[in-house]
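Pasted below: target.tsv, TSV, C-alpha atoms.
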chain	number	residue	atom	x	y	z
A	1	MET	CA	-1.81	151.37	85.38
A	2	ARG	CA	-0.61	148.47	83.23
A	3	ALA	CA	-0.77	144.88	84.46
A	4	ILE	CA	-0.36	141.34	83.11
A	5	THR	CA	-3.51	139.29	83.71
A	6	ILE	CA	-5.05	135.90	82.99
A	7	THR	CA	-8.45	134.31	83.51
A	8	PRO	CA	-7.78	131.40	85.87
A	9	GLY	CA	-8.66	128.00	84.46
A	10	GLN	CA	-8.93	129.29	80.89
A	11	PRO	CA	-5.84	128.59	78.76
A	12	ASN	CA	-4.21	131.31	76.70
A	13	THR	CA	-6.00	134.30	78.23
A	14	LEU	CA	-2.75	136.15	78.92
A	15	ARG	CA	-3.06	139.86	78.16
A	16	LEU	CA	-1.66	143.27	79.01
A	17	VAL	CA	-4.32	145.45	80.62
A	18	GLU	CA	-3.70	149.16	80.12
A	19	ASP	CA	-6.20	150.48	82.65
A	20	ALA	CA	-5.87	148.20	85.68
A	21	PRO	CA	-7.00	149.85	88.93
A	22	GLU	CA	-4.46	151.14	91.39
A	23	PRO	CA	-3.73	148.69	94.22
A	24	PRO	CA	-6.12	149.41	97.10
A	25	GLU	CA	-4.77	150.29	100.52
A	26	ALA	CA	-6.38	147.08	101.80
A	27	GLU	CA	-3.56	145.16	100.08
A	28	GLY	CA	-0.98	146.79	102.35
A	29	ALA	CA	0.41	150.03	103.68
A	30	VAL	CA	3.58	149.99	101.58
A	31	LEU	CA	3.19	151.29	98.03
A	32	VAL	CA	5.87	150.05	95.66
A	33	HIS	CA	6.89	151.05	92.14
A	34	ALA	CA	7.58	147.82	90.25
A	35	ILE	CA	10.94	147.34	88.55
A	36	ALA	CA	10.64	143.78	87.24
A	37	VAL	CA	9.23	140.31	87.80
A	38	GLY	CA	10.92	137.00	87.18
A	39	VAL	CA	9.17	134.38	85.06
A	40	CYS	CA	9.09	130.70	86.00
A	41	GLY	CA	7.34	127.45	85.18
A	42	THR	CA	4.57	128.25	87.65
A	43	ASP	CA	3.56	131.25	85.53
A	44	ARG	CA	3.47	129.13	82.39
A	45	GLU	CA	1.33	126.49	84.08
A	46	ILE	CA	-1.14	129.14	85.25
A	47	ILE	CA	-1.28	130.59	81.74
A	48	ALA	CA	-2.00	127.07	80.44
A	49	GLY	CA	-5.00	126.92	82.78
A	50	GLU	CA	-3.63	124.15	84.98
A	51	TYR	CA	-4.30	126.09	88.18
A	52	GLY	CA	-4.49	129.63	89.56
A	53	GLU	CA	-7.22	131.39	91.50
A	54	ALA	CA	-8.45	134.96	91.16
A	55	PRO	CA	-9.03	137.13	94.25
A	56	PRO	CA	-12.60	136.95	95.59
A	57	GLY	CA	-15.01	139.07	93.59
A	58	THR	CA	-12.95	139.20	90.40
A	59	GLY	CA	-12.52	136.87	87.47
A	60	GLN	CA	-8.99	138.02	86.66
A	61	LEU	CA	-5.65	137.27	88.30
A	62	ILE	CA	-2.63	139.57	87.95
A	63	LEU	CA	0.41	137.36	87.46
A	64	GLY	CA	3.87	137.62	88.99
A	65	HIS	CA	5.34	136.21	92.19
A	66	GLU	CA	9.07	136.89	91.71
A	67	SER	CA	9.05	140.60	92.43
A	68	LEU	CA	11.38	143.57	92.65
A	69	GLY	CA	10.41	147.16	93.27
A	70	ARG	CA	11.24	150.45	94.93
A	71	VAL	CA	9.24	151.85	97.83
A	72	ILE	CA	7.14	154.91	97.00
A	73	GLU	CA	5.68	155.37	100.47
A	74	ASP	CA	5.32	153.59	103.78
A	75	PRO	CA	3.23	155.53	106.29
A	76	THR	CA	4.30	153.13	109.06
A	77	GLY	CA	7.91	154.32	108.78
A	78	THR	CA	9.24	150.75	108.57
A	79	LEU	CA	10.63	151.34	105.09
A	80	GLN	CA	11.88	154.49	103.43
A	81	PRO	CA	11.04	155.86	99.98
A	82	GLY	CA	13.60	154.52	97.54
A	83	ASP	CA	14.25	151.26	99.43
A	84	LEU	CA	14.72	148.27	97.14
A	85	VAL	CA	12.28	145.52	98.14
A	86	ALA	CA	10.71	142.23	97.14
A	87	GLY	CA	7.28	141.11	98.27
A	88	ILE	CA	6.82	137.83	100.11
A	89	VAL	CA	4.57	135.58	98.04
A	90	ARG	CA	2.57	133.53	100.53
A	91	LEU	CA	0.33	135.02	103.21
A	92	PRO	CA	-0.95	133.08	106.22
A	93	ASP	CA	-4.43	131.63	106.31
A	94	PRO	CA	-7.07	133.56	108.25
A	95	VAL	CA	-7.98	130.79	110.69
A	96	PRO	CA	-4.99	130.47	111.34
A	97	CYS	CA	-3.52	126.97	111.55
A	98	ILE	CA	-0.87	126.32	114.20
A	99	ASN	CA	1.97	127.03	111.77
A	100	CYS	CA	0.54	130.17	110.18
A	101	ALA	CA	-0.13	131.50	113.67
A	102	VAL	CA	3.61	131.60	114.40
A	103	GLY	CA	4.81	132.89	111.01
A	104	GLU	CA	5.50	129.45	109.49
A	105	TRP	CA	3.00	129.96	106.65
A	106	ASP	CA	5.18	127.95	104.30
A	107	MET	CA	4.12	124.93	106.38
A	108	CYS	CA	0.37	125.76	106.35
A	109	ARG	CA	-1.65	122.73	107.45
A	110	ASN	CA	-5.12	123.57	106.13
A	111	GLY	CA	-4.33	125.04	102.69
A	112	LEU	CA	-6.19	128.31	103.31
A	113	TYR	CA	-3.13	130.47	102.62
A	114	THR	CA	-3.11	132.91	99.69
A	115	GLU	CA	-0.26	133.62	97.26
A	116	HIS	CA	0.50	136.68	95.14
A	117	GLY	CA	0.04	135.89	91.47
A	118	ILE	CA	-0.99	132.31	92.15
A	119	LYS	CA	-3.82	131.80	94.64
A	120	ALA	CA	-6.56	134.31	95.47
A	121	ARG	CA	-4.28	137.36	95.58
A	122	HIS	CA	-3.08	139.61	92.76
A	123	GLY	CA	0.57	139.34	91.83
A	124	PHE	CA	3.38	141.77	91.18
A	125	ALA	CA	3.29	142.00	87.35
A	126	ARG	CA	1.83	145.51	87.50
A	127	GLU	CA	3.38	148.93	87.59
A	128	ARG	CA	2.55	149.47	91.28
A	129	TRP	CA	1.73	147.07	94.08
A	130	ARG	CA	1.17	147.06	97.81
A	131	VAL	CA	2.19	144.84	100.73
A	132	GLU	CA	2.28	145.14	104.48
A	133	PRO	CA	5.69	146.19	105.91
A	134	ASP	CA	6.41	142.77	107.41
A	135	LEU	CA	5.85	141.18	104.00
A	136	ALA	CA	8.41	143.37	102.21
A	137	VAL	CA	12.05	142.27	102.28
A	138	ARG	CA	14.68	144.98	101.89
A	139	LEU	CA	17.55	144.32	99.48
A	140	ALA	CA	20.95	145.96	99.22
A	141	PRO	CA	21.00	148.65	96.49
A	142	ALA	CA	23.77	146.74	94.69
A	143	LEU	CA	21.28	143.93	93.96
A	144	GLU	CA	18.95	146.04	91.81
A	145	SER	CA	19.85	144.15	88.62
A	146	VAL	CA	19.20	140.72	90.18
A	147	GLY	CA	16.84	141.30	93.10
A	148	MET	CA	13.98	139.42	91.45
A	149	LEU	CA	16.04	136.28	92.18
A	150	LEU	CA	15.17	136.66	95.85
A	151	GLU	CA	12.00	134.55	95.64
A	152	PRO	CA	13.62	131.43	94.11
A	153	THR	CA	16.59	131.91	96.45
A	154	SER	CA	14.21	131.90	99.43
A	155	VAL	CA	12.90	128.51	98.29
A	156	VAL	CA	16.37	126.96	98.36
A	157	ALA	CA	17.29	128.80	101.57
A	158	LYS	CA	14.41	126.96	103.23
A	159	ALA	CA	15.47	123.67	101.65
A	160	TRP	CA	19.00	124.03	103.00
A	161	GLU	CA	17.76	125.03	106.44
A	162	HIS	CA	15.58	121.93	106.65
A	163	ILE	CA	18.39	119.71	105.37
A	164	GLU	CA	20.58	121.00	108.18
A	165	ARG	CA	17.82	120.49	110.75
A	166	VAL	CA	17.45	116.87	109.69
A	167	GLY	CA	21.20	116.36	109.57
A	168	VAL	CA	21.78	117.07	113.26
A	169	ARG	CA	19.70	114.02	114.30
A	170	ALA	CA	23.15	112.38	114.66
A	171	ARG	CA	26.77	113.40	114.25
A	172	TRP	CA	26.83	114.83	110.76
A	173	GLU	CA	29.78	116.07	108.76
A	174	PRO	CA	28.58	116.21	105.14
A	175	GLU	CA	31.15	116.73	102.43
A	176	THR	CA	29.40	116.24	99.09
A	177	ALA	CA	26.13	117.55	97.70
A	178	LEU	CA	24.44	116.64	94.44
A	179	VAL	CA	21.99	119.05	92.79
A	180	THR	CA	19.89	117.57	90.00
A	181	GLY	CA	18.71	120.15	87.49
A	182	ALA	CA	20.52	123.34	86.51
A	183	GLY	CA	17.57	125.67	86.16
A	184	PRO	CA	17.32	128.73	88.42
A	185	ILE	CA	16.39	126.70	91.50
A	186	GLY	CA	19.16	124.17	90.89
A	187	LEU	CA	21.85	126.76	90.26
A	188	LEU	CA	20.81	128.77	93.31
A	189	ALA	CA	20.78	125.58	95.38
A	190	ALA	CA	24.32	124.93	94.15
A	191	LEU	CA	25.30	128.48	95.09
A	192	LEU	CA	24.07	128.02	98.65
A	193	GLY	CA	25.81	124.65	98.82
A	194	THR	CA	29.16	126.15	97.87
A	195	GLN	CA	28.60	128.95	100.38
A	196	ARG	CA	28.40	126.18	102.99
A	197	GLY	CA	31.80	124.86	101.99
A	198	LEU	CA	30.50	121.65	100.42
A	199	GLU	CA	31.86	119.86	97.38
A	200	VAL	CA	28.96	120.48	95.03
A	201	HIS	CA	28.06	118.48	91.93
A	202	VAL	CA	25.32	119.51	89.49
A	203	LEU	CA	23.68	117.07	87.08
A	204	ASP	CA	21.72	118.35	84.09
A	205	ARG	CA	20.90	117.12	80.59
A	206	SER	CA	22.30	120.23	78.82
A	207	VAL	CA	25.67	119.55	77.23
A	208	ASP	CA	26.24	123.11	76.02
A	209	GLY	CA	24.88	126.60	76.62
A	210	PRO	CA	25.58	128.68	79.73
A	211	LYS	CA	24.96	126.08	82.43
A	212	PRO	CA	28.31	124.21	82.49
A	213	ALA	CA	30.28	127.44	82.81
A	214	LEU	CA	27.98	128.79	85.52
A	215	VAL	CA	28.51	125.64	87.56
A	216	ALA	CA	32.26	125.66	87.00
A	217	ASP	CA	32.50	129.30	88.06
A	218	LEU	CA	30.94	128.35	91.40
A	219	GLY	CA	33.80	125.91	91.93
A	220	ALA	CA	31.34	123.05	91.49
A	221	THR	CA	31.45	120.09	89.08
A	222	TYR	CA	29.03	119.72	86.16
A	223	HIS	CA	27.76	116.32	85.00
A	224	THR	CA	25.46	115.04	82.27
A	225	GLY	CA	24.04	111.56	81.85
A	226	GLN	CA	22.33	109.40	84.47
A	227	VAL	CA	22.44	109.66	88.24
A	228	ALA	CA	23.43	105.99	88.40
A	229	ASP	CA	26.59	106.73	86.38
A	230	LEU	CA	28.03	109.10	89.00
A	231	ASP	CA	31.09	107.66	90.71
A	232	PHE	CA	30.27	108.91	94.21
A	233	GLU	CA	27.50	108.70	96.78
A	234	PRO	CA	26.47	112.19	97.86
A	235	ASP	CA	25.75	113.02	101.48
A	236	ILE	CA	23.03	115.44	100.37
A	237	VAL	CA	20.84	115.60	97.28
A	238	VAL	CA	18.74	118.60	96.32
A	239	GLU	CA	16.43	117.35	93.56
A	240	CYS	CA	15.17	120.21	91.39
A	241	THR	CA	13.83	118.57	88.23
A	242	GLY	CA	10.67	116.87	89.42
A	243	ALA	CA	11.35	114.14	86.82
A	244	PRO	CA	10.03	110.89	88.35
A	245	SER	CA	12.92	108.80	87.05
A	246	VAL	CA	15.46	111.21	88.54
A	247	VAL	CA	13.61	111.25	91.88
A	248	VAL	CA	13.83	107.47	92.11
A	249	GLN	CA	17.48	107.44	91.08
A	250	VAL	CA	18.64	110.00	93.65
A	251	ILE	CA	16.86	108.18	96.48
A	252	ASP	CA	18.79	105.07	95.45
A	253	LYS	CA	22.08	106.95	94.98
A	254	VAL	CA	22.41	108.96	98.19
A	255	GLY	CA	24.95	107.63	100.68
A	256	PRO	CA	24.33	106.13	104.12
A	257	THR	CA	22.59	108.53	106.55
A	258	GLY	CA	22.10	110.75	103.51
A	259	ILE	CA	19.37	113.33	102.98
A	260	VAL	CA	17.34	113.85	99.82
A	261	CYS	CA	15.37	117.09	99.55
A	262	LEU	CA	12.77	117.15	96.77
A	263	THR	CA	12.05	120.64	95.46
A	264	GLY	CA	10.89	119.81	91.93
A	265	VAL	CA	7.17	119.23	91.40
A	266	SER	CA	6.32	116.20	89.25
A	267	SER	CA	3.49	116.08	86.73
A	268	ALA	CA	0.78	113.58	87.60
A	269	GLY	CA	0.27	110.43	85.56
A	270	LYS	CA	3.90	109.59	84.83
A	271	GLN	CA	4.81	106.10	85.98
A	272	VAL	CA	8.29	104.72	86.53
A	273	GLY	CA	9.04	101.04	86.99
A	274	VAL	CA	10.83	100.62	90.31
A	275	ASP	CA	11.54	97.88	92.80
A	276	ALA	CA	9.81	99.59	95.71
A	277	GLY	CA	10.87	96.88	98.14
A	278	ALA	CA	14.55	97.27	97.35
A	279	LEU	CA	14.28	101.05	97.50
A	280	ASN	CA	12.53	100.93	100.86
A	281	ARG	CA	15.12	98.46	102.15
A	282	ALA	CA	17.97	100.79	101.17
A	283	VAL	CA	16.35	103.86	102.76
A	284	VAL	CA	15.62	102.05	106.01
A	285	LEU	CA	18.88	100.15	106.41
A	286	GLU	CA	20.97	103.22	105.60
A	287	ASN	CA	18.97	105.61	107.82
A	288	ASN	CA	18.28	107.89	104.88
A	289	VAL	CA	15.72	110.71	104.87
A	290	VAL	CA	13.64	111.85	101.90
A	291	PHE	CA	11.47	114.94	102.28
A	292	GLY	CA	9.77	117.61	100.21
A	293	SER	CA	10.19	121.37	100.51
A	294	VAL	CA	8.32	124.26	98.91
A	295	ASN	CA	7.79	127.97	99.48
A	296	ALA	CA	9.43	129.95	102.30
A	297	ASN	CA	8.64	132.12	105.31
A	298	ARG	CA	10.11	135.47	106.36
A	299	ARG	CA	13.17	133.86	107.96
A	300	HIS	CA	14.10	132.16	104.69
A	301	TRP	CA	13.59	135.34	102.66
A	302	THR	CA	15.96	137.15	104.98
A	303	ALA	CA	18.52	134.35	104.66
A	304	ALA	CA	18.14	134.49	100.88
A	305	ALA	CA	18.89	138.23	100.85
A	306	VAL	CA	22.07	137.55	102.83
A	307	ALA	CA	23.08	134.76	100.42
A	308	LEU	CA	22.58	136.98	97.36
A	309	GLY	CA	24.59	139.71	99.04
A	310	LYS	CA	27.52	137.31	99.47
A	311	ALA	CA	27.39	136.02	95.89
A	312	ASP	CA	29.35	137.29	92.91
A	313	LEU	CA	27.04	139.85	91.30
A	314	ARG	CA	28.34	139.11	87.82
A	315	TRP	CA	27.57	135.41	88.30
A	316	LEU	CA	24.02	136.22	89.43
A	317	GLU	CA	23.52	138.49	86.42
A	318	ARG	CA	24.48	135.60	84.12
A	319	LEU	CA	21.54	133.58	85.47
A	320	ILE	CA	19.28	136.11	83.77
A	321	THR	CA	19.48	135.05	80.15
A	322	ARG	CA	16.71	137.31	78.79
A	323	ARG	CA	15.28	140.66	79.87
A	324	VAL	CA	12.02	141.40	78.09
A	325	PRO	CA	10.34	144.86	77.98
A	326	LEU	CA	6.70	145.10	79.00
A	327	ASP	CA	5.44	145.82	75.48
A	328	GLN	CA	6.80	142.42	74.42
A	329	TYR	CA	5.32	140.67	77.47
A	330	ALA	CA	4.00	137.59	75.66
A	331	ASP	CA	7.51	136.57	74.62
A	332	ALA	CA	8.65	136.50	78.24
A	333	TYR	CA	6.37	133.52	78.90
A	334	ILE	CA	7.55	131.49	75.90
A	335	ARG	CA	10.46	129.19	76.65
A	336	HIS	CA	13.54	129.74	74.44
A	337	ASP	CA	16.55	127.51	73.99
A	338	ASN	CA	19.18	128.09	76.70
A	339	ASP	CA	16.79	130.10	78.88
A	340	ILE	CA	17.65	130.02	82.55
A	341	LYS	CA	15.84	132.98	84.12
A	342	VAL	CA	13.69	135.35	82.09
A	343	VAL	CA	12.88	138.75	83.56
A	344	LEU	CA	10.00	140.99	82.49
A	345	GLY	CA	10.68	144.69	82.94
A	346	LEU	CA	7.88	146.86	84.27
Please express what this file holds, its structure, as C-alpha cells.
Amino acid sequence: MRAITITPGQPNTLRLVEDAPEPPEAEGAVLVHAIAVGVCGTDREIIAGEYGEAPPGTGQLILGHESLGRVIEDPTGTLQPGDLVAGIVRLPDPVPCINCAVGEWDMCRNGLYTEHGIKARHGFARERWRVEPDLAVRLAPALESVGMLLEPTSVVAKAWEHIERVGVRARWEPETALVTGAGPIGLLAALLGTQRGLEVHVLDRSVDGPKPALVADLGATYHTGQVADLDFEPDIVVECTGAPSVVVQVIDKVGPTGIVCLTGVSSAGKQVGVDAGALNRAVVLENNVVFGSVNANRRHWTAAAVALGKADLRWLERLITRRVPLDQYADAYIRHDNDIKVVLGL
C-alpha cells in the first residue's frame, strides 16, 4: 500500500512509501478506500518540521487530515460498502476530560487528544484507512468531486455555531459579516454566511485570480486594501488570515455588540504596535466579544455536510484549483500562484 509520510520534527523528509502496512483493525472497524486528500498549510508546516507527532512506537507519520474515501467494509453495519465518507480528524483523549467525555473533543481541556495526520495518529494520505463508525461522516454521492472540503467546512461550521451562541446573549439581529482572508477557510466561511442570509463582505490582498469572482458568485462583496478603509462596521467578523495586524484591525473595526471569531493561527514572534488601552476601551464599552475557534466535533461535521449539500456544486469545484496525481505528490505540497485548495488524488 502506498502512503505519504514524514519524520516528525525533521524538515523535508516527505516521501512516498510504496510498501506501507495495511491499516490495522485497531484503528477502526470501517475499512475505507481512499479517493483523495486535501492539502493545507498545516501539512506544509508539518513537512517543515514545525510540529507533528508520530503514533507511539513508530518514527513516521502518515500525512493527511482532509479526507475522502469510499467504504470497503463495515462489519458493524453502520455504513454500507460504497458509501462516500470522510474521517473525523480529532479523537478524544483517553482520560477523558469533561469535554471529551461528552463528545466535545474539539474543546479538549488537557491536550491529550490525538489527530489523524497531525498528532500521534496516522493520517488519510494512504490508499486505505480505517476509522470507527462514529468517526466516519457520510456524504451525498453528488459530492464525490468536492467531499474532501468537508474538514475545512466543519471548522467554519463550528465557528458559525459559536458565533450564534454568543450572539443570543442579548437581542441580536446581525445584518453584515466580514470575512478576512479568501483562502479555503475564508471562502467557506463566506459561503456559510450567505447561507444564513447575511450581507457578506470578504477582504483579501489578491487583486486578480479566481478569488474575486468566487466571492461575487456567492452574492458577497469582495474588497482589497486595509480593514480600516472599509466604509461599514460589521456585526460579525470571521478572521481567517492569522495576520497580527489584521487581527488588531478587525477587533477595532467591528460594530457595537459585535462578535469577532478568530480562526487563523498567527506565527509567534511577530509584533504589532497597538494602543492596547484604546482597544480594550472600545471592546468593553461596546460590549464586543473576541474569541478563538479551531477544529470541530461530530455535530459540526454533520452540519458541514448539510452546508456542502446546499451549495452550488460548480462553485465548490472552483475552490479546487489543482488536482495532483499521487506520483507527483511532492508538487501538491508546494504553493503555486493562485492556489486556493490543492487536492492529492490517491
Any idea what's packed within 10 Å of range 69-71 of chain A, counting only C-alpha atoms, ignoring anything in its chain fewer than 3 positions away? Could you give it as an MDAnalysis selection string? chainID A and resid 30:37 74 79:87 124 127:130 136 138:139 144 147:148 346
Ala120 in chain A surroundings by only C-alpha atoms, 8 Å radius, close-in-sequence under 5 positions cut, as an MDAnalysis selection string: chainID A and resid 52:56 61 114:115
Return the single residue from A:Ala304, A:Met1, A:Ala29, A:Ile46 that is closest to Leu135 in chain A, with distances computed using only C-alpha atoms.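 Closest to Leu135 in chain A, using only C-alpha atoms: A:Ala29.
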Mind pulling up the distance from CA of His65 in chain A to CA of Val324 in chain A?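 Computing it gives 16.4 Å between the two atoms.
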Option closest in space to Ser293 in chain A, from A:Gly264, A:Pro244, A:Pro174, A:Pro184 [counting all atoms listed in the file]: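 Among the listed residues, the smallest separation from Ser293 in chain A belongs to A:Gly264.
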CA of Val131 in chain A and CA of Glu151 in chain A are how many Å apart? 15.1 Å
Minimum-distance residue to Leu308 in chain A, chosen among A:Val274, A:Ala182, A:Val146, A:Ile251 (using all atoms listed in the file): A:Val146
